[in-house]
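Report on the structure given below.
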Amino acid sequence: MSLLEVKNVTKRFSGLVAVNEVSMNVEEGQIVGVIGPNGAGKTTLFNCIAGALPPSSGSILFDGREVAGKKPYDICQLGITRTFQVVKPFGSKTVLYNTMVGAFAQTKLLHEAEHNALEVLKFLHLDHKKDVVSKSLTLPERKKLELARALATKPKLLLLDEVMAGLRPSEVTDMLPIIRKINETGVTIVIVEHIMQAIMNLSEKIYVVNFGKKIAEGVPHDVVANEEVIKAYLGDAYVATQH
Amino acid sequence: MKQLLNQKPIILLISALLLGALFALPLVVTSPALMQIFILIILYAYFTSTWNFVGGFAGVLPLGHSAFIGIGAYTSTVLFQTFGLSPWFGMIVGGLLAALVGVIIGLPTLKLRGAYFALATIAIGEGMRVLFENVKQVGPFKINGPSGISLQLVESSFMDFQFDTKAPYYYIILIMLLLVLLLTYFMMNSKIGYYLAAGGEEPEAAEALGIKVARYKLIALVISCFLAAFGGTFYAQLMLYFYPKSILGLDLSFEIAFIALIGGRGTILGPVLGALLLRPVSELTRIYLGSSLPGLHLIIFGLVLIVVMRYYPTGLVDPIKKLIDRFIHKPAREKADDLSNPS
Amino acid sequence: MLGIIEALINGLLMGSIYGLTAVGLTLIFGVMKVINFAHGSILMVGMFAAYWFVKLTGLNPYLAILVVVPLLYYFGYFMQNWVIKPIFEAEKDVREPITVIIVTTGIWYVLDNLSLLLFGAEYRVVKTSVTGKIFEFYDMYFLLPKVIGAGITILCAIYLYWFLKHSKMGKAIRATSLDREAASLMGIKQSKIYNIAFGMGCACCGVAACVLIPFYYVYPTVGVPFDIKAFIIVVLGGLGSIPGAIIGGIIVGIIENVGAQFMASTWTELLLYGVFLFVLLVKPSGLFGMKQDF
Ligand SMILES: Nc1ncnc2c1ncn2[C@@H]1O[C@H](COP(=O)(O)OP(=O)(O)O)[C@@H](O)[C@H]1O
Ligand SMILES: [Mg+2]
């Protein structure tokens with residue numbers, strides 16, 4: 001049984017179909033990539049899985065349980081945590097405080113939450129910033145904090161929405177082993193990313209969406225060779241010149 | 001508790017001295033009028049501290065707290081007048097009723113944008129005043145409409161919550177305030193506190209981290225209403241006379257909110273500082289200018305509020321703390337400077 | 001039976017005036033997501049302005065509109081620009097702008113008590129050419145100034161609706177209410193949109209103030225009941241919806257006037273709070289509000 005099974009999920013906004021009959025399967029322990037041009041519907045798909053928005057139709061099974069339409073906090077408690085593409089730190093609070101909020105998902109005790117949060121921060125090389133107020137962080141640091149908070153909830157499935165966008169190439173290179181290490185501790189990951197190098201490198205399987213529709217899926221190598229994918233990314237003209 | 005004791009010794013020492021001074025105050029101050037002013041400062045600090053659970057930590061703006069205070073005052077008083085029930089028990093009943101009303105407004109509004117909550121509380125505050133002004137009697141309970149209730153005077157006794165001198169009132173409200181501040185401290189340093197702060201600041205992110213934001217806000221509201229009602233009972237016992245306009249309605253609600261924002265909402269000491277700053281203004285202008293310039297203290301309140309929000313949007317606790325920190329650390333730093341510059 | 005119909009129509013008349021003040025409130029909220037708690041005080045300022053205008057010049061009260069409305073427009077414009085803007089900017093990224101809300105209540109206090117200092121607490125009425133005139137209609141009697149007032153407010157609301165839908169500035173204002181950054185895309189400074197929206201919201205109070213003067217008292221806290229009613233109305237009609245505000249206003253006016261046929265006026269006030277709570281419990285987004293976001 002797959003850990004996450006998305007079946008024919010559709011999300012409509014008045015008039016616009018942002019996600020159109022998308023299905024995907026994520027096995028336990030995998031890293032799965034989702035790519036597609038801006039506005040393709042990737043974030044909306046995450047919103048549906050994480051409960052921020054109810055899907056208009058379709059079903060989402062997590063661990064065999066239907067989660068479509070459930071509230072975000074319930075879904076988080078079941079073991080799915082997501083990060084936000086547009087970061088949402090608790091701005092007036094410190095990095096440690098932010099991370100502890102995540103850690104409280106697993107404990108009632110302050111010192112335990114603090115201990116777990118510090119561990120996560122150390123793991124992400126963010127511990128030297130622990131007492132910094134989060135609104136004064138740089139964007140890459142905020143993205144990392146977003147990840148730290150999510151990780152502190154100890155999820156089974158982590159949905160990462162462009163956590164590497166805006167990072168310098170050297171920082172991306174630093175992030176890759178971190179994400180792989182998270183995965184090695186037993187966390188299944190679905191990752192949305194624009195940086196092809198990163199996603200090719202990480203994912204076992206990639207889904208490609210465009211205009212809300214899934215246009216390809218498979219191992220990274222096959223997917224990049226797919227003509228429709230190239231079209232979606234580089235336009236028809238590019239495909240024509242290749243022939 | 002560990003953190004409480006982890007402070008610098010000098011701060012602990014100062015706090016202990018301050019606390020000692022507070023408890024010794026009635027021994028020094030003999031004027032009942034002056035005692036009354038001190039009692040009211042502490043009472044308003046108490047009101048505002050209860051407000052702080054919602055307005056400070058849950059990230060919404062209650063503008064009708066007088067409703068809960070009024071429920072407290074009326075409940076304990078009518079129970080005492082009708083059945084002779086000790087106001088100490090009446091206080092609990094009042095607290096429960098206030099909490100119930102809190103749930104009724106909180107349940108639908110706390111899920112919505114903050115503006116709805118602010119509007120709902122303002123309407124509840126005013127609605128409660130209109131209600132009590134309309135009602136003369138409910139069953140056996142005399143409410144007396146707009147003319148209010150004078151408490152039946154009895155001999156000074158703890159059980160009846162009436163005393164000949166001001167000192168007992170002073171100690172009661174001081175202890176009530178200290179307990180609420182302690183509760184605030186523990187709440188801030190617990191899961192509830194973290195969850196409230198998170199939900200108040202970024203509800204979407206908080207929900208994604210597993211927090212039932214509306215539920216936590218409701219918990220905060222219930223605690224707040226319950227304790228605010230206690231303050232209402234205290235007010236009734238202190239004044240021995242109250243009427244809807246004095247204890248319900250907008251003026252009291254707004255004063256509480258103003259005190260909180262000027263002092264620093266969401267901090268432990270903000271309400272205390274705010275009450276210390278604003279209460280004397282209100283007492284002094286009322287005593288000296290009350291008849292010639294009515295409402296002057298409210299103009300001052302409003303202006304102080306606008307100016308403080310402009311320059312210190314988080315309230316005055318932070319800048320004052322910084323000032324004190326500088327003061328305490330200065331000698332130490334100067335010493336260090338001396339060592340590094342052996343001239 | 002005739003009494004009830006009369007009360008119904010009276011409610012409609014008074015309700016449309018309530019509605020216009022609520023339109024101002026809802027317009028400001030729609031654009032800035034800030035409840036202007038000082039709204040009633042601004043109405044009070046307008047009423048005193050109209051009162052003194054009529055008292056000193058002896059002119060027709062409806063001419064006061066030409067003076068009071070621009071006055072309140074600029075009053076609101078500059079109040080937003082000087083007092084509210086700096087505080088609003090400071091918490092621009094915060095989802096629930098609490099500081100701004102509390103500052104508008106501060107303004108409320110300053111204005112109400114300032115006018116108490118200046119004019120005293122007494123209730124003032126000014127005798128105008130229409131004061132006390134009766135308008136007869138099928139054996140029912142209405143105060144003429146109420147009829148005229150309702151007509152003027154309805155015209156204003158329709159104009160405002162048209163303005164927001166079709167003029168360039170109106171489109172910019174509506175775009176800003178959906179997306180804060182939108183104004184800058186249309187080449188207009190966002191803060192200017194806020195100033196204008198605030199000014200227009202206050203101008204609505206100006207119109208309401210002028211039509212109230214011929215048949216209503218003026219006193220320093222006259223704004224408070226209008227304020228509270230406007231709050232109830234915007235929740236009834238849905239925060240941010242202009243037709244909702246007008247219809248909500250009419251509902252409130254009707255409850256008040258028809259209710260008065262059966263109970264004391266203080267009880268109708270209570271009934272309003274009851275209706276308010278009920279709507280909040282059953283349909284918190286109001287009768288016309290958007291479901292999302294709020
Ligand atoms: N809450 C919303 N309301 C209306 N339209 C939305 C909403 N969220 C996203 N959309 C629209 O859905 C489409 C997909 O957006 P999104 O999922 O953010 O794309 P991606 O993350 O792939 O860049 C876009 O056209 C976007 O404008
Ligand atoms: Mg996206």
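Please note that chains go A, B, ... in the order of the structure tokens, that every chain numbers its residues from 1, and that ligands are numbered from 1 in the order shown.
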
Could you list, as a compact mmCIF listing (two decimals) with all heavy atoms, in the first residue's frame, all the residues within 12 Å of ligand 1, counting only C-alpha atoms and all ligand atoms?
# COMPACT_ATOMS: atom_id res chain seq x y z
N THR A 10 -9.26 17.24 -8.16
CA THR A 10 -9.53 18.45 -8.93
C THR A 10 -9.78 19.58 -7.95
O THR A 10 -10.43 19.39 -6.93
CB THR A 10 -10.78 18.25 -9.81
OG1 THR A 10 -10.51 17.21 -10.75
CG2 THR A 10 -11.14 19.54 -10.55
N LYS A 11 -9.20 20.75 -8.26
CA LYS A 11 -9.52 21.94 -7.45
C LYS A 11 -9.89 23.08 -8.38
O LYS A 11 -9.10 23.46 -9.25
CB LYS A 11 -8.34 22.35 -6.58
CG LYS A 11 -8.58 23.60 -5.77
CD LYS A 11 -9.59 23.36 -4.67
CE LYS A 11 -10.15 24.67 -4.11
NZ LYS A 11 -11.20 24.44 -3.11
N ARG A 12 -11.10 23.56 -8.22
CA ARG A 12 -11.58 24.68 -9.03
C ARG A 12 -11.64 25.94 -8.20
O ARG A 12 -12.11 25.92 -7.07
CB ARG A 12 -12.99 24.39 -9.55
CG ARG A 12 -13.01 23.59 -10.82
CD ARG A 12 -14.43 23.40 -11.34
NE ARG A 12 -14.53 22.04 -11.88
CZ ARG A 12 -15.00 21.01 -11.20
NH1 ARG A 12 -15.48 21.18 -10.00
NH2 ARG A 12 -15.01 19.81 -11.75
N PHE A 13 -11.17 27.05 -8.77
CA PHE A 13 -11.48 28.36 -8.20
C PHE A 13 -12.43 28.99 -9.20
O PHE A 13 -12.29 28.75 -10.39
CB PHE A 13 -10.22 29.22 -8.08
CG PHE A 13 -9.21 28.65 -7.14
CD1 PHE A 13 -8.01 28.16 -7.61
CD2 PHE A 13 -9.47 28.59 -5.79
CE1 PHE A 13 -7.07 27.62 -6.74
CE2 PHE A 13 -8.54 28.06 -4.91
CZ PHE A 13 -7.34 27.57 -5.38
N SER A 14 -13.33 29.81 -8.70
CA SER A 14 -14.37 30.34 -9.59
C SER A 14 -13.89 30.48 -11.03
O SER A 14 -13.21 31.43 -11.38
CB SER A 14 -14.86 31.70 -9.06
OG SER A 14 -13.73 32.51 -8.76
N GLY A 15 -14.21 29.48 -11.85
CA GLY A 15 -13.88 29.57 -13.26
C GLY A 15 -12.59 28.88 -13.64
O GLY A 15 -12.47 28.30 -14.70
N LEU A 16 -11.60 28.93 -12.74
CA LEU A 16 -10.29 28.41 -13.08
C LEU A 16 -10.09 27.01 -12.48
O LEU A 16 -10.37 26.80 -11.32
CB LEU A 16 -9.23 29.36 -12.52
CG LEU A 16 -7.79 28.91 -12.63
CD1 LEU A 16 -7.18 29.45 -13.90
CD2 LEU A 16 -7.01 29.37 -11.43
N VAL A 17 -9.64 26.08 -13.30
CA VAL A 17 -9.34 24.75 -12.76
C VAL A 17 -7.85 24.71 -12.48
O VAL A 17 -7.02 24.58 -13.37
CB VAL A 17 -9.72 23.63 -13.75
CG1 VAL A 17 -9.57 22.27 -13.09
CG2 VAL A 17 -11.15 23.83 -14.23
N ALA A 18 -7.49 24.84 -11.21
CA ALA A 18 -6.08 24.95 -10.85
C ALA A 18 -5.42 23.58 -10.80
O ALA A 18 -4.24 23.44 -11.11
CB ALA A 18 -5.94 25.66 -9.51
N VAL A 19 -6.18 22.57 -10.39
CA VAL A 19 -5.69 21.20 -10.39
C VAL A 19 -6.76 20.35 -11.07
O VAL A 19 -7.93 20.44 -10.71
CB VAL A 19 -5.45 20.68 -8.96
CG1 VAL A 19 -5.05 19.22 -8.98
CG2 VAL A 19 -4.39 21.50 -8.25
N ASN A 20 -6.34 19.59 -12.08
CA ASN A 20 -7.32 18.92 -12.92
C ASN A 20 -7.08 17.42 -12.94
O ASN A 20 -6.15 16.93 -13.58
CB ASN A 20 -7.21 19.51 -14.33
CG ASN A 20 -8.42 19.15 -15.17
OD1 ASN A 20 -9.24 18.32 -14.78
ND2 ASN A 20 -8.52 19.77 -16.33
N VAL A 34 7.77 17.03 -7.75
CA VAL A 34 6.68 17.56 -8.57
C VAL A 34 7.21 18.80 -9.25
O VAL A 34 7.69 19.72 -8.57
CB VAL A 34 5.44 17.92 -7.71
CG1 VAL A 34 4.35 18.52 -8.60
CG2 VAL A 34 4.91 16.70 -6.98
N ILE A 35 7.21 18.80 -10.57
CA ILE A 35 7.67 20.00 -11.27
C ILE A 35 6.61 20.50 -12.23
O ILE A 35 5.63 19.81 -12.51
CB ILE A 35 8.99 19.75 -12.04
CG1 ILE A 35 8.80 18.64 -13.07
CG2 ILE A 35 10.11 19.40 -11.08
CD1 ILE A 35 10.00 18.48 -13.99
N GLY A 36 6.81 21.68 -12.70
CA GLY A 36 5.87 22.29 -13.62
C GLY A 36 6.08 23.79 -13.60
O GLY A 36 6.57 24.32 -12.61
N PRO A 37 5.70 24.47 -14.69
CA PRO A 37 5.92 25.92 -14.76
C PRO A 37 5.12 26.65 -13.68
O PRO A 37 4.24 26.08 -13.04
CB PRO A 37 5.41 26.29 -16.15
CG PRO A 37 5.00 25.05 -16.83
CD PRO A 37 5.06 23.92 -15.88
N ASN A 38 5.44 27.93 -13.52
CA ASN A 38 4.71 28.75 -12.56
C ASN A 38 3.22 28.75 -12.85
O ASN A 38 2.82 28.86 -14.00
CB ASN A 38 5.20 30.20 -12.64
CG ASN A 38 6.13 30.50 -11.49
OD1 ASN A 38 5.98 29.94 -10.41
ND2 ASN A 38 7.10 31.34 -11.74
N GLY A 39 2.41 28.62 -11.83
CA GLY A 39 0.97 28.65 -12.04
C GLY A 39 0.41 27.32 -12.49
O GLY A 39 -0.76 27.21 -12.81
N ALA A 40 1.24 26.28 -12.48
CA ALA A 40 0.79 24.98 -12.97
C ALA A 40 -0.19 24.32 -12.00
O ALA A 40 -0.97 23.46 -12.39
CB ALA A 40 1.99 24.06 -13.19
N GLY A 41 -0.13 24.72 -10.74
CA GLY A 41 -1.05 24.14 -9.78
C GLY A 41 -0.37 23.30 -8.71
O GLY A 41 -1.04 22.60 -7.95
N LYS A 42 0.93 23.43 -8.62
CA LYS A 42 1.68 22.60 -7.67
C LYS A 42 1.32 22.96 -6.22
O LYS A 42 1.01 22.09 -5.40
CB LYS A 42 3.19 22.78 -7.89
CG LYS A 42 3.62 22.51 -9.33
CD LYS A 42 5.10 22.75 -9.54
CE LYS A 42 5.55 24.19 -9.32
NZ LYS A 42 5.16 25.14 -10.34
N THR A 43 1.36 24.28 -5.94
CA THR A 43 1.05 24.71 -4.57
C THR A 43 -0.39 24.36 -4.22
O THR A 43 -0.69 23.93 -3.10
CB THR A 43 1.29 26.22 -4.42
OG1 THR A 43 2.66 26.47 -4.69
CG2 THR A 43 0.95 26.70 -3.04
N THR A 44 -1.28 24.52 -5.19
CA THR A 44 -2.68 24.20 -4.93
C THR A 44 -2.84 22.72 -4.61
O THR A 44 -3.61 22.34 -3.73
CB THR A 44 -3.54 24.59 -6.14
OG1 THR A 44 -3.27 25.95 -6.47
CG2 THR A 44 -5.01 24.43 -5.85
N LEU A 45 -2.08 21.88 -5.31
CA LEU A 45 -2.12 20.44 -5.03
C LEU A 45 -1.68 20.19 -3.59
O LEU A 45 -2.32 19.42 -2.85
CB LEU A 45 -1.22 19.70 -6.02
CG LEU A 45 -1.12 18.19 -5.84
CD1 LEU A 45 -2.48 17.54 -6.09
CD2 LEU A 45 -0.07 17.58 -6.77
N PHE A 46 -0.60 20.85 -3.19
CA PHE A 46 -0.13 20.71 -1.80
C PHE A 46 -1.21 21.19 -0.83
O PHE A 46 -1.44 20.57 0.22
CB PHE A 46 1.14 21.53 -1.59
CG PHE A 46 2.40 20.74 -1.84
CD1 PHE A 46 2.38 19.58 -2.58
CD2 PHE A 46 3.61 21.17 -1.32
CE1 PHE A 46 3.54 18.85 -2.80
CE2 PHE A 46 4.77 20.46 -1.53
CZ PHE A 46 4.75 19.30 -2.28
N ASN A 47 -1.84 22.31 -1.17
CA ASN A 47 -2.90 22.84 -0.30
C ASN A 47 -4.01 21.82 -0.11
O ASN A 47 -4.57 21.70 0.97
CB ASN A 47 -3.48 24.13 -0.89
CG ASN A 47 -2.59 25.33 -0.60
OD1 ASN A 47 -1.82 25.32 0.36
ND2 ASN A 47 -2.68 26.34 -1.43
N CYS A 48 -4.32 21.09 -1.17
CA CYS A 48 -5.37 20.08 -1.06
C CYS A 48 -4.91 18.92 -0.18
O CYS A 48 -5.68 18.43 0.66
CB CYS A 48 -5.76 19.55 -2.44
SG CYS A 48 -6.62 20.77 -3.43
N ALA A 52 -5.24 22.72 3.54
CA ALA A 52 -5.45 24.16 3.54
C ALA A 52 -6.65 24.52 2.68
O ALA A 52 -7.34 25.50 2.94
CB ALA A 52 -4.20 24.88 3.06
N LEU A 53 -6.87 23.73 1.63
CA LEU A 53 -8.05 23.92 0.79
C LEU A 53 -8.71 22.56 0.58
O LEU A 53 -8.01 21.56 0.40
CB LEU A 53 -7.65 24.45 -0.59
CG LEU A 53 -7.01 25.83 -0.70
CD1 LEU A 53 -6.45 26.03 -2.10
CD2 LEU A 53 -8.03 26.89 -0.38
N PRO A 54 -10.02 22.49 0.62
CA PRO A 54 -10.66 21.22 0.32
C PRO A 54 -10.66 20.99 -1.19
O PRO A 54 -10.95 21.92 -1.94
CB PRO A 54 -12.09 21.41 0.82
CG PRO A 54 -12.32 22.89 0.78
CD PRO A 54 -10.99 23.55 0.96
N PRO A 55 -10.32 19.80 -1.66
CA PRO A 55 -10.38 19.56 -3.10
C PRO A 55 -11.84 19.61 -3.57
O PRO A 55 -12.75 19.29 -2.81
CB PRO A 55 -9.80 18.16 -3.27
CG PRO A 55 -9.75 17.57 -1.92
CD PRO A 55 -9.82 18.65 -0.91
N PHE A 84 5.53 26.29 3.45
CA PHE A 84 4.87 27.24 2.57
C PHE A 84 5.88 27.86 1.61
O PHE A 84 6.96 28.27 2.02
CB PHE A 84 4.20 28.34 3.38
CG PHE A 84 2.98 27.87 4.12
CD1 PHE A 84 3.09 27.39 5.42
CD2 PHE A 84 1.74 27.90 3.52
CE1 PHE A 84 1.97 26.95 6.11
CE2 PHE A 84 0.61 27.46 4.20
CZ PHE A 84 0.73 26.99 5.49
N GLN A 85 5.48 27.93 0.35
CA GLN A 85 6.33 28.57 -0.65
C GLN A 85 6.55 30.03 -0.26
O GLN A 85 7.66 30.52 -0.26
CB GLN A 85 5.65 28.48 -2.01
CG GLN A 85 6.41 29.18 -3.11
CD GLN A 85 5.66 29.11 -4.43
OE1 GLN A 85 4.62 28.45 -4.54
NE2 GLN A 85 6.17 29.77 -5.42
N VAL A 86 5.46 30.70 0.06
CA VAL A 86 5.57 32.05 0.62
C VAL A 86 5.71 31.87 2.12
O VAL A 86 4.75 31.54 2.80
CB VAL A 86 4.32 32.87 0.31
CG1 VAL A 86 4.46 34.29 0.82
CG2 VAL A 86 4.02 32.85 -1.17
N LEU A 160 7.43 19.64 0.70
CA LEU A 160 8.32 20.80 0.63
C LEU A 160 7.98 21.63 -0.61
O LEU A 160 8.13 21.16 -1.73
CB LEU A 160 9.78 20.35 0.57
CG LEU A 160 10.26 19.51 1.75
CD1 LEU A 160 11.72 19.09 1.55
CD2 LEU A 160 10.09 20.26 3.05
N ASP A 161 7.53 22.84 -0.39
CA ASP A 161 7.13 23.70 -1.51
C ASP A 161 8.20 24.75 -1.78
O ASP A 161 8.25 25.77 -1.11
CB ASP A 161 5.78 24.36 -1.19
CG ASP A 161 5.11 24.92 -2.44
OD1 ASP A 161 5.77 24.92 -3.52
OD2 ASP A 161 3.95 25.35 -2.35
N GLU A 162 9.04 24.45 -2.75
CA GLU A 162 10.10 25.37 -3.17
C GLU A 162 10.94 25.88 -2.01
O GLU A 162 11.13 27.07 -1.83
CB GLU A 162 9.49 26.56 -3.95
CG GLU A 162 8.66 26.09 -5.13
CD GLU A 162 8.55 27.12 -6.23
OE1 GLU A 162 9.32 28.09 -6.24
OE2 GLU A 162 7.68 26.94 -7.11
N ALA A 165 14.06 27.67 -3.53
CA ALA A 165 13.94 28.83 -4.41
C ALA A 165 14.60 30.03 -3.74
O ALA A 165 14.44 30.25 -2.55
CB ALA A 165 12.47 29.13 -4.68
N ILE A 191 8.52 16.83 -3.00
CA ILE A 191 9.19 18.11 -3.11
C ILE A 191 8.82 18.81 -4.41
O ILE A 191 8.86 18.22 -5.48
CB ILE A 191 10.72 17.93 -2.95
CG1 ILE A 191 11.44 19.26 -3.07
CG2 ILE A 191 11.27 16.93 -3.96
CD1 ILE A 191 12.88 19.17 -2.60
N VAL A 192 8.40 20.06 -4.27
CA VAL A 192 8.14 20.91 -5.43
C VAL A 192 9.35 21.81 -5.59
O VAL A 192 9.78 22.43 -4.62
CB VAL A 192 6.89 21.78 -5.21
CG1 VAL A 192 6.84 22.92 -6.22
CG2 VAL A 192 5.63 20.96 -5.31
N GLU A 193 9.88 21.85 -6.77
CA GLU A 193 11.08 22.67 -6.94
C GLU A 193 11.22 23.09 -8.38
O GLU A 193 10.80 22.38 -9.29
CB GLU A 193 12.31 21.87 -6.50
CG GLU A 193 13.48 22.70 -6.09
CD GLU A 193 13.15 23.62 -4.92
OE1 GLU A 193 12.87 23.13 -3.82
OE2 GLU A 193 13.16 24.84 -5.16
N HIS A 194 11.79 24.26 -8.59
CA HIS A 194 12.04 24.71 -9.95
C HIS A 194 13.45 24.33 -10.41
O HIS A 194 13.70 24.16 -11.58
CB HIS A 194 11.90 26.23 -10.04
CG HIS A 194 10.53 26.65 -10.43
ND1 HIS A 194 9.93 26.18 -11.56
CD2 HIS A 194 9.65 27.47 -9.84
CE1 HIS A 194 8.73 26.71 -11.64
NE2 HIS A 194 8.53 27.49 -10.60
N VAL A 208 5.12 15.60 -13.49
CA VAL A 208 5.16 16.90 -14.15
C VAL A 208 3.73 17.38 -14.35
O VAL A 208 2.89 16.65 -14.88
CB VAL A 208 5.85 16.82 -15.52
CG1 VAL A 208 6.08 18.22 -16.08
CG2 VAL A 208 7.17 16.08 -15.40
N VAL A 209 3.44 18.60 -13.89
CA VAL A 209 2.10 19.15 -14.12
C VAL A 209 2.22 20.43 -14.94
O VAL A 209 3.21 21.15 -14.89
CB VAL A 209 1.36 19.47 -12.80
CG1 VAL A 209 0.86 18.23 -12.13
CG2 VAL A 209 2.23 20.28 -11.88
N ASN A 210 1.18 20.66 -15.73
CA ASN A 210 1.11 21.90 -16.50
C ASN A 210 -0.36 22.25 -16.65
O ASN A 210 -1.18 21.39 -16.93
CB ASN A 210 1.76 21.71 -17.87
CG ASN A 210 1.99 23.04 -18.55
OD1 ASN A 210 1.98 24.08 -17.89
ND2 ASN A 210 2.20 23.01 -19.85
N PHE A 211 -0.71 23.52 -16.44
CA PHE A 211 -2.11 23.95 -16.47
C PHE A 211 -3.00 23.02 -15.66
O PHE A 211 -4.09 22.65 -16.08
CB PHE A 211 -2.62 24.02 -17.91
CG PHE A 211 -1.92 25.06 -18.73
CD1 PHE A 211 -1.15 24.72 -19.83
CD2 PHE A 211 -2.02 26.40 -18.36
CE1 PHE A 211 -0.50 25.70 -20.56
CE2 PHE A 211 -1.38 27.38 -19.09
CZ PHE A 211 -0.60 27.02 -20.19
N GLY A 212 -2.50 22.61 -14.50
CA GLY A 212 -3.33 21.82 -13.60
C GLY A 212 -3.38 20.35 -13.92
O GLY A 212 -3.89 19.57 -13.13
N LYS A 213 -2.87 19.95 -15.09
CA LYS A 213 -2.96 18.54 -15.49
C LYS A 213 -1.61 17.86 -15.33
O LYS A 213 -0.56 18.47 -15.56
CB LYS A 213 -3.37 18.45 -16.96
CG LYS A 213 -4.86 18.50 -17.19
CD LYS A 213 -5.17 17.76 -18.50
CE LYS A 213 -6.65 17.74 -18.77
NZ LYS A 213 -7.04 18.64 -19.85
N LYS A 214 -1.65 16.59 -14.95
CA LYS A 214 -0.42 15.82 -14.94
C LYS A 214 -0.07 15.48 -16.38
O LYS A 214 -0.89 14.93 -17.11
CB LYS A 214 -0.64 14.54 -14.13
CG LYS A 214 0.58 13.66 -14.07
CD LYS A 214 0.37 12.57 -13.06
CE LYS A 214 -0.51 11.47 -13.67
NZ LYS A 214 -0.76 10.37 -12.72
N LEU C 178 -9.06 43.76 -3.44
CA LEU C 178 -8.82 42.34 -3.69
C LEU C 178 -7.35 42.00 -3.50
O LEU C 178 -6.99 40.93 -3.06
CB LEU C 178 -9.23 41.96 -5.12
CG LEU C 178 -10.73 42.07 -5.39
CD1 LEU C 178 -11.02 41.80 -6.85
CD2 LEU C 178 -11.50 41.10 -4.49
N ASP C 179 -6.49 42.95 -3.84
CA ASP C 179 -5.06 42.67 -3.81
C ASP C 179 -4.35 43.98 -3.52
O ASP C 179 -4.43 44.93 -4.28
CB ASP C 179 -4.64 42.12 -5.18
CG ASP C 179 -3.13 41.92 -5.25
OD1 ASP C 179 -2.45 42.18 -4.26
OD2 ASP C 179 -2.66 41.52 -6.32
N GLN C 292 -15.03 33.45 1.51
CA GLN C 292 -13.62 33.24 1.75
C GLN C 292 -13.00 34.33 2.61
O GLN C 292 -13.51 35.43 2.69
CB GLN C 292 -12.89 33.22 0.42
CG GLN C 292 -12.62 31.81 -0.04
CD GLN C 292 -11.82 31.82 -1.30
OE1 GLN C 292 -11.37 32.86 -1.75
NE2 GLN C 292 -11.66 30.67 -1.88
N ASP C 293 -11.90 33.99 3.21
CA ASP C 293 -11.02 34.95 3.84
C ASP C 293 -11.55 35.53 5.14
O ASP C 293 -10.91 35.45 6.16
CB ASP C 293 -10.70 36.10 2.88
CG ASP C 293 -9.53 36.92 3.41
OD1 ASP C 293 -8.77 36.35 4.21
OD2 ASP C 293 -9.41 38.08 3.05

Env of region 255-259 of chain C: 10 Å cut, atoms = only C-alpha atoms, seq-sep filter 6 positions within chain, self excluded. Answer as a list in words.
Gly3, Ile4, Ile5, Glu6, Ala7, Leu8, Ile9, Asn10, Gly11, Leu12, Met14, Gly15, Gly249, Ser265, Thr266, Trp267, Thr268, Glu269, Leu270, Leu271, Leu272 and Val275 of chain C

Could you give me, as a VMD selection string, the residues within 9 Å of Val34 (chain C), counting only C-alpha atoms and dropping anything in the same chain fewer than 3 positions from it?
(chain B and resid 115) or (chain C and resid 28 to 31 37 96 to 98 100 to 101)

Compare A:Ile206, A:Ile49, A:Ile195, A:Ile189 by their minimum atom-to-atom distance to chain B, counting only C-alpha atoms, and give me the closest one.
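Checking each candidate against chain B, we get A:Ile49 as the closest.
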
Which of region 4-170 of chain C counts as helix (DSSP H, G or I) under DSSP, as a PyMOL selection string please?
chain C and resi 4-32+39-57+61-90+98-119+144-166+168-170

For chain B, which residues have at least one atom within 6 Å of chain A, if we go by only C-alpha atoms? Write them as a ChimeraX atom specification, please.
/B:190,201,207-212

Please produce a file of those selected residues containing C-alpha atoms, as an mmCIF file, in the first residue's frame.
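Just written: again_19.cif:
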data_model
loop_
_atom_site.group_PDB
_atom_site.id
_atom_site.type_symbol
_atom_site.label_atom_id
_atom_site.label_comp_id
_atom_site.auth_asym_id
_atom_site.auth_seq_id
_atom_site.Cartn_x
_atom_site.Cartn_y
_atom_site.Cartn_z
ATOM 1 C CA SER B 190 3.761 26.322 28.147
ATOM 2 C CA GLU B 201 0.478 35.706 14.427
ATOM 3 C CA GLU B 207 -2.717 25.106 11.522
ATOM 4 C CA ALA B 208 -0.222 23.464 9.214
ATOM 5 C CA LEU B 209 1.844 22.660 12.318
ATOM 6 C CA GLY B 210 -1.085 20.870 13.908
ATOM 7 C CA ILE B 211 -2.604 23.679 15.956
ATOM 8 C CA LYS B 212 -6.365 24.007 16.279
#

Can you tell me which residues surround Val218 (chain C) at a distance of at most 7 Å, considering only C-alpha atoms, apart from same-chain residues fewer than 4 positions away, and format the answer as a PDB file with C-alpha atoms, in the first residue's frame?
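Writing done, so here's around30.pdb:
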ATOM      1  CA  MET C  47     -23.491  66.673  12.390  1.00  0.00           C
ATOM      2  CA  PHE C  48     -21.909  69.459  14.398  1.00  0.00           C
ATOM      3  CA  TYR C 123     -28.753  67.974  23.111  1.00  0.00           C
ATOM      4  CA  ARG C 124     -29.067  70.551  20.365  1.00  0.00           C
ATOM      5  CA  VAL C 125     -31.690  70.893  17.659  1.00  0.00           C
ATOM      6  CA  VAL C 222     -24.493  61.002  19.090  1.00  0.00           C
TER       7      VAL C 222
END
